[in-house]
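Visitor: Structure incoming, see below.
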Amino acid sequence: MKWNRRHVLDTDDWSRDEIETVLDQTRAMIEILQRPIRRAPPLRGRTVILFFAESSTRTRVSFELAAKALSADVTNITASGSSVEKGESLYDTVRTLQALGGDVVVMRHASSGAPYFVAQRTDAAVINAGDGWHAHPTQGLLDAYTLRDAVGDLEGRRVVIVGDVLHSRVARSDINTLLPLGARITLSGPPTLIPLAWRCGQLPPGVTYESDLDRALDGADAVIALRLQRERQESGLLPSLREYSRVWGLTADRVARMRPGAPVMHPGPMNEGIEIDASVAHGTRSLIETQVTNGVAVRMALLYLLAARAGPPGPLEERA
Ligand code: CP
């Protein structure tokens, strides 16, 4: 097993072996989740603190379910209702979490880099559950797992990522996770929502930019539509939502340009009718709910691997 990470902050420096270790471990966790009693003992006696200073449904709930499925104690802290609302600094919040004895801190924060700051100031393992525009590594891993499960080996497969790439931590983490597995990425979206260097051709090896979405989708093996992040945008980046939807929205006609059966993904939450039509989001090619389901097993895998590094975890089977 190739795993020696103390934290999960980003996958930008992960090897293919490390990514495959998580994906293999995820398979074992899915078996636990298919048992009549979806619970195993390895994190018994450990505490997982979920510190979400930005809103979340999928990531927060799936981490909570994942930690409980592995028998950890779980505590939730959100910005609203905690002392963050009274102006407590991130540093003091971290020290408080440390004093409360968390073994793992799962955190989401609006500031890029906040999980790195926390990781340097706590003995706990830190998992980045999304920081600003920067990274969402657990989403990248669950997207890789879901895609590989659906289409098989990703070597040479072409995946289109369309939409608001500029503000998307998911796009960056998907790229960082899919490239080492052999996939090629085509980015598409309005030039104003593509990072300047990328739209000028300075792209990582294996990544291209195609401004025409129809051309990008021709013969593609999968598409990942991104949420239009209106809360992070300055004004003037788009002419209008109607125009965005017309030019960049994922419709059934556009999906038909891909390889037969090529899947459609979206990290959620969706702006249905803007970046994706409801008929596509809920159509036969959609893996969007499967992504959510797989998110629990991927997060169980990561919690298990971090716990194993910190000290021998309990068994995956209940002893008689
Ligand atoms: N994909 C994702 O991060 O969703 P949430 O914001 O609901 O956690």
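Following the order of the structure tokens, chains are lettered A, B, ..., residues in each are numbered from 1, and ligands are numbered from 1.
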Could you go through segment 67-306 of chain A and tell me which residues DSSP, when run on the backbone, assigns to strand (DSSP E), listing them as a PyMOL selection string?

Guide: chain A and resi 73-78+104-109+125-131+158-162+184-188+207-209+222-225+264-265

Visitor: Counting only C-alpha atoms and all ligand atoms, what are the residues, protein, DNA or RNA alike, that approach ligand 1 to within 8 Å? I want them as a PDB file with N, CA and C atoms, in the first residue's frame.

Guide:
ATOM      1  N   SER A  55     -20.765  26.903   3.171  1.00  0.00           N
ATOM      2  CA  SER A  55     -21.894  25.980   3.091  1.00  0.00           C
ATOM      3  C   SER A  55     -21.526  24.703   2.322  1.00  0.00           C
ATOM      4  N   SER A  56     -22.227  23.643   2.657  1.00  0.00           N
ATOM      5  CA  SER A  56     -21.993  22.347   2.015  1.00  0.00           C
ATOM      6  C   SER A  56     -23.152  21.430   2.367  1.00  0.00           C
ATOM      7  N   THR A  57     -23.556  20.605   1.432  1.00  0.00           N
ATOM      8  CA  THR A  57     -24.485  19.509   1.745  1.00  0.00           C
ATOM      9  C   THR A  57     -23.753  18.183   1.547  1.00  0.00           C
ATOM     10  N   ARG A  58     -23.320  17.936   0.294  1.00  0.00           N
ATOM     11  CA  ARG A  58     -22.764  16.628  -0.040  1.00  0.00           C
ATOM     12  C   ARG A  58     -21.505  16.290   0.763  1.00  0.00           C
ATOM     13  N   THR A  59     -20.565  17.228   0.763  1.00  0.00           N
ATOM     14  CA  THR A  59     -19.259  16.921   1.357  1.00  0.00           C
ATOM     15  C   THR A  59     -19.394  16.745   2.873  1.00  0.00           C
ATOM     16  N   ARG A  60     -20.125  17.654   3.507  1.00  0.00           N
ATOM     17  CA  ARG A  60     -20.234  17.574   4.970  1.00  0.00           C
ATOM     18  C   ARG A  60     -20.979  16.308   5.392  1.00  0.00           C
ATOM     19  N   VAL A  61     -22.124  16.064   4.744  1.00  0.00           N
ATOM     20  CA  VAL A  61     -22.922  14.898   5.151  1.00  0.00           C
ATOM     21  C   VAL A  61     -22.179  13.596   4.835  1.00  0.00           C
ATOM     22  N   ALA A 129     -11.676  19.981   2.619  1.00  0.00           N
ATOM     23  CA  ALA A 129     -12.998  19.693   2.029  1.00  0.00           C
ATOM     24  C   ALA A 129     -13.414  20.816   1.085  1.00  0.00           C
ATOM     25  N   GLY A 130     -12.416  21.562   0.586  1.00  0.00           N
ATOM     26  CA  GLY A 130     -12.671  22.662  -0.351  1.00  0.00           C
ATOM     27  C   GLY A 130     -12.187  23.970   0.228  1.00  0.00           C
ATOM     28  N   HIS A 136     -10.251  20.871  -4.125  1.00  0.00           N
ATOM     29  CA  HIS A 136     -11.293  20.062  -3.482  1.00  0.00           C
ATOM     30  C   HIS A 136     -10.884  18.612  -3.735  1.00  0.00           C
ATOM     31  N   GLN A 139     -13.275  15.610  -3.803  1.00  0.00           N
ATOM     32  CA  GLN A 139     -14.170  15.593  -4.975  1.00  0.00           C
ATOM     33  C   GLN A 139     -13.418  15.028  -6.185  1.00  0.00           C
ATOM     34  N   VAL A 170     -13.008  22.380  -8.018  1.00  0.00           N
ATOM     35  CA  VAL A 170     -13.265  21.013  -8.507  1.00  0.00           C
ATOM     36  C   VAL A 170     -12.498  20.773  -9.812  1.00  0.00           C
ATOM     37  N   PRO A 267     -20.337  18.086 -10.083  1.00  0.00           N
ATOM     38  CA  PRO A 267     -20.053  17.904  -8.653  1.00  0.00           C
ATOM     39  C   PRO A 267     -21.211  18.314  -7.754  1.00  0.00           C
ATOM     40  N   GLY A 268     -22.169  19.113  -8.298  1.00  0.00           N
ATOM     41  CA  GLY A 268     -23.242  19.652  -7.470  1.00  0.00           C
ATOM     42  C   GLY A 268     -22.707  20.742  -6.550  1.00  0.00           C
ATOM     43  N   PRO A 269     -23.565  21.591  -6.049  1.00  0.00           N
ATOM     44  CA  PRO A 269     -24.965  21.704  -6.420  1.00  0.00           C
ATOM     45  C   PRO A 269     -25.100  22.285  -7.826  1.00  0.00           C
TER      46      PRO A 269
END

Visitor: Under the rule of at most 12 Å, produce a per-residue listing of segment 6-36 of chain A near segment 152-169 of chain A: chain, number, name, the closest pair of atoms, and the distance in Å, as CSV, using only C-alpha atoms.

Guide:
residue,atom,partner,partner_atom,distance
A:Asp10,CA,A:Arg169,CA,10.2
A:Thr11,CA,A:Arg169,CA,11.6
A:Asp12,CA,A:Arg169,CA,11.8
A:Arg16,CA,A:Glu155,CA,11.8
A:Glu20,CA,A:Asp153,CA,11.6

Visitor: For the residues selected in the previous step, produce a file with N, CA, C and O atoms as a compact mmCIF listing (two decimals), in the first residue's frame.

Guide:
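Contents of part27.txt, freshly written:
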# COMPACT_ATOMS: atom_id res chain seq x y z
N ASP A 10 -4.23 18.60 -0.97
CA ASP A 10 -4.36 18.78 -2.40
C ASP A 10 -3.80 17.49 -3.03
O ASP A 10 -3.02 16.79 -2.39
N THR A 11 -4.20 17.21 -4.27
CA THR A 11 -3.63 16.04 -4.94
C THR A 11 -2.62 16.46 -6.00
O THR A 11 -2.21 15.64 -6.82
N ASP A 12 -2.21 17.72 -5.97
CA ASP A 12 -1.34 18.21 -7.05
C ASP A 12 0.04 17.56 -7.06
O ASP A 12 0.71 17.58 -8.09
N ARG A 16 0.51 8.43 -9.15
CA ARG A 16 -0.56 7.51 -9.59
C ARG A 16 -0.78 6.41 -8.55
O ARG A 16 -1.93 6.04 -8.27
N GLU A 20 -4.26 5.49 -6.78
CA GLU A 20 -4.84 4.14 -6.93
C GLU A 20 -5.01 3.47 -5.58
O GLU A 20 -5.95 2.69 -5.38

Visitor: Which is closest to Arg44 of chain A among A:Glu31, A:Glu243, A:Glu18, A:Asp103, if we use only C-alpha atoms?

Guide: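 Among the listed residues, the smallest separation from Arg44 of chain A belongs to A:Asp103.
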
Visitor: When distances are computed from only C-alpha atoms, which of A:Asn176, A:Gln291, A:Ser62, A:Thr192 shows the smallest separation from Val207 of chain A?

Guide: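 Distance minimum relative to Val207 of chain A lands on A:Asn176.
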
Visitor: How far is it from atom CA of Gly101 of chain A to atom CA of Ala40 of chain A, in Å with one decimal?

Guide: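 Atom CA of Gly101 of chain A sits 22.0 Å away from atom CA of Ala40 of chain A.
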
Visitor: What's around Thr251 of chain A at 8 Å? Count only C-alpha atoms, leave out sequence neighbours fewer than 2 positions away in its own chain, and write the answer as a short mmCIF file (atom, residue, chain, number, x, y, z; two decimals) with C-alpha atoms, in the first residue's frame.

Guide:
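Just written: around-v4.cif:
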data_model
loop_
_atom_site.label_atom_id
_atom_site.label_comp_id
_atom_site.auth_asym_id
_atom_site.auth_seq_id
_atom_site.Cartn_x
_atom_site.Cartn_y
_atom_site.Cartn_z
CA GLY A 249 -25.20 24.83 -21.30
CA ASP A 253 -28.22 17.58 -28.33
CA ARG A 254 -24.75 18.44 -27.14
CA VAL A 255 -24.41 15.28 -25.05
CA ILE A 276 -26.99 21.80 -17.43
CA ASP A 277 -30.51 20.97 -18.64
CA SER A 279 -33.20 16.33 -18.88
CA VAL A 280 -29.41 15.76 -18.96
#

Visitor: Apply DSSP to the structure's backbone, then extract all residues of segment 68-228 of chain A labelled alpha helix (DSSP H) and return them as a PDB file with C-alpha atoms, in the first residue's frame.

Guide:
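Just written: part-v8.pdb:
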ATOM      1  CA  LYS A  68     -19.754   7.145  11.590  1.00  0.00           C
ATOM      2  CA  ALA A  69     -19.573   4.090   9.307  1.00  0.00           C
ATOM      3  CA  LEU A  90      -8.752  30.891  12.381  1.00  0.00           C
ATOM      4  CA  TYR A  91      -5.647  30.439  14.568  1.00  0.00           C
ATOM      5  CA  ASP A  92      -7.680  30.480  17.800  1.00  0.00           C
ATOM      6  CA  THR A  93     -10.291  28.200  16.254  1.00  0.00           C
ATOM      7  CA  VAL A  94      -7.542  25.711  15.379  1.00  0.00           C
ATOM      8  CA  ARG A  95      -6.072  25.804  18.869  1.00  0.00           C
ATOM      9  CA  THR A  96      -9.556  25.214  20.272  1.00  0.00           C
ATOM     10  CA  LEU A  97     -10.091  22.227  17.975  1.00  0.00           C
ATOM     11  CA  GLN A  98      -6.701  20.923  19.091  1.00  0.00           C
ATOM     12  CA  ALA A  99      -7.667  21.317  22.755  1.00  0.00           C
ATOM     13  CA  ALA A 114      -6.634  27.860   4.947  1.00  0.00           C
ATOM     14  CA  PRO A 115      -6.241  24.060   5.427  1.00  0.00           C
ATOM     15  CA  TYR A 116      -2.442  24.433   5.024  1.00  0.00           C
ATOM     16  CA  PHE A 117      -2.443  27.069   7.781  1.00  0.00           C
ATOM     17  CA  VAL A 118      -4.386  24.718  10.040  1.00  0.00           C
ATOM     18  CA  ALA A 119      -2.247  21.676   9.202  1.00  0.00           C
ATOM     19  CA  PRO A 137      -9.195  16.897  -3.403  1.00  0.00           C
ATOM     20  CA  THR A 138     -11.863  14.522  -2.111  1.00  0.00           C
ATOM     21  CA  GLN A 139     -14.170  15.593  -4.975  1.00  0.00           C
ATOM     22  CA  GLY A 140     -11.364  14.912  -7.461  1.00  0.00           C
ATOM     23  CA  LEU A 141     -10.875  11.440  -6.003  1.00  0.00           C
ATOM     24  CA  LEU A 142     -14.569  10.582  -5.980  1.00  0.00           C
ATOM     25  CA  ASP A 143     -14.905  11.826  -9.552  1.00  0.00           C
ATOM     26  CA  ALA A 144     -11.966   9.641 -10.607  1.00  0.00           C
ATOM     27  CA  TYR A 145     -13.454   6.641  -8.809  1.00  0.00           C
ATOM     28  CA  THR A 146     -16.896   7.194 -10.346  1.00  0.00           C
ATOM     29  CA  LEU A 147     -15.556   7.704 -13.847  1.00  0.00           C
ATOM     30  CA  ARG A 148     -13.235   4.699 -13.729  1.00  0.00           C
ATOM     31  CA  ASP A 149     -16.018   2.534 -12.362  1.00  0.00           C
ATOM     32  CA  ALA A 150     -18.266   3.629 -15.260  1.00  0.00           C
ATOM     33  CA  VAL A 151     -15.880   3.536 -18.239  1.00  0.00           C
ATOM     34  CA  ARG A 169     -11.571  24.144  -7.130  1.00  0.00           C
ATOM     35  CA  VAL A 170     -13.265  21.013  -8.507  1.00  0.00           C
ATOM     36  CA  ALA A 171     -11.801  21.581 -11.984  1.00  0.00           C
ATOM     37  CA  ARG A 172      -8.283  21.871 -10.554  1.00  0.00           C
ATOM     38  CA  SER A 173      -8.677  18.774  -8.389  1.00  0.00           C
ATOM     39  CA  ASP A 174     -10.261  16.763 -11.213  1.00  0.00           C
ATOM     40  CA  ILE A 175      -7.317  17.670 -13.464  1.00  0.00           C
ATOM     41  CA  ASN A 176      -4.806  16.742 -10.739  1.00  0.00           C
ATOM     42  CA  THR A 177      -6.478  13.384 -10.177  1.00  0.00           C
ATOM     43  CA  LEU A 178      -7.446  12.339 -13.709  1.00  0.00           C
ATOM     44  CA  LEU A 196      -5.503  33.642 -18.295  1.00  0.00           C
ATOM     45  CA  ALA A 197      -2.379  31.461 -18.693  1.00  0.00           C
ATOM     46  CA  TRP A 198      -4.489  28.469 -19.724  1.00  0.00           C
ATOM     47  CA  ARG A 199      -6.557  30.384 -22.241  1.00  0.00           C
ATOM     48  CA  LEU A 213     -18.182  23.403 -26.721  1.00  0.00           C
ATOM     49  CA  ASP A 214     -19.669  21.395 -29.604  1.00  0.00           C
ATOM     50  CA  ARG A 215     -16.186  20.703 -30.974  1.00  0.00           C
ATOM     51  CA  ALA A 216     -14.916  19.880 -27.481  1.00  0.00           C
ATOM     52  CA  LEU A 217     -17.670  17.286 -27.007  1.00  0.00           C
TER      53      LEU A 217
END

Visitor: For the atom pair atom CA of Tyr304 of chain A and atom CA of Ala66 of chain A, what is the interatomic distance in Å to one decimal place?

Guide: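 Going from atom CA of Tyr304 of chain A over to atom CA of Ala66 of chain A covers 9.6 Å.
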
Visitor: For Gly182 of chain A, which of A:Glu289, A:Gln229, A:Glu317, A:Ile19 is the closest residue, counting only C-alpha atoms?

Guide: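 Answer, going by the shortest atom-to-atom distance: A:Ile19.
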
Visitor: Report as a ChimeraX atom specification all protein, DNA and RNA residues lying within 12 Å of Ala256 of chain A, evaluated on only C-alpha atoms, omitting residues in the same chain fewer than 2 positions from it.

Guide: /A:214,217-223,250-254,258-264,280,285

Visitor: For Pro312 of chain A, which of A:Leu226, A:Leu43, A:Ile194, A:Leu100 is the closest residue, counting only C-alpha atoms?

Guide: A:Leu43

Visitor: Between atom CA of Leu23 of chain A and atom CA of Ala124 of chain A, what is the distance in Å, rounded to a tenth?

Guide: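 One can read the atom CA of Leu23 of chain A to atom CA of Ala124 of chain A distance as 23.3 Å.
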
Visitor: Can you tell me which residues surround Thr26 of chain A at a distance of at most 7 Å, considering only C-alpha atoms, apart from same-chain residues fewer than 3 positions away, and format the answer as a ChimeraX atom specification?

Guide: /A:22-23,29-30,297-298,301

Visitor: For the selection just defined, write its residues with C-alpha atoms to a file, as a PDB file, in the first residue's frame.

Guide:
ATOM      1  CA  VAL A  22      -7.270   5.486  -2.360  1.00  0.00           C
ATOM      2  CA  LEU A  23      -9.400   4.109  -5.204  1.00  0.00           C
ATOM      3  CA  MET A  29     -15.321   0.584   1.760  1.00  0.00           C
ATOM      4  CA  ILE A  30     -18.127   0.093  -0.766  1.00  0.00           C
ATOM      5  CA  ALA A 297     -16.851   5.433   0.375  1.00  0.00           C
ATOM      6  CA  VAL A 298     -14.004   7.654  -0.892  1.00  0.00           C
ATOM      7  CA  ALA A 301     -11.067   5.324   2.491  1.00  0.00           C
TER       8      ALA A 301
END

Visitor: If we count only C-alpha atoms, what is near Arg309 of chain A at a cut-off of 8 Å, once residues fewer than 6 positions away on the same chain are taken out, given as a list in words?

Guide: Trp3, Asn4, Arg5 and Arg6 of chain A

Visitor: Go through A:Glu64, A:Arg108, A:Phe51, A:Gly295 one by one, measure the shortest atom-to-atom distance of each to Gly81 of chain A using only C-alpha atoms, and give the residue with the smallest value.

Guide: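 Using only C-alpha atoms, the shortest distance to Gly81 of chain A belongs to A:Phe51.
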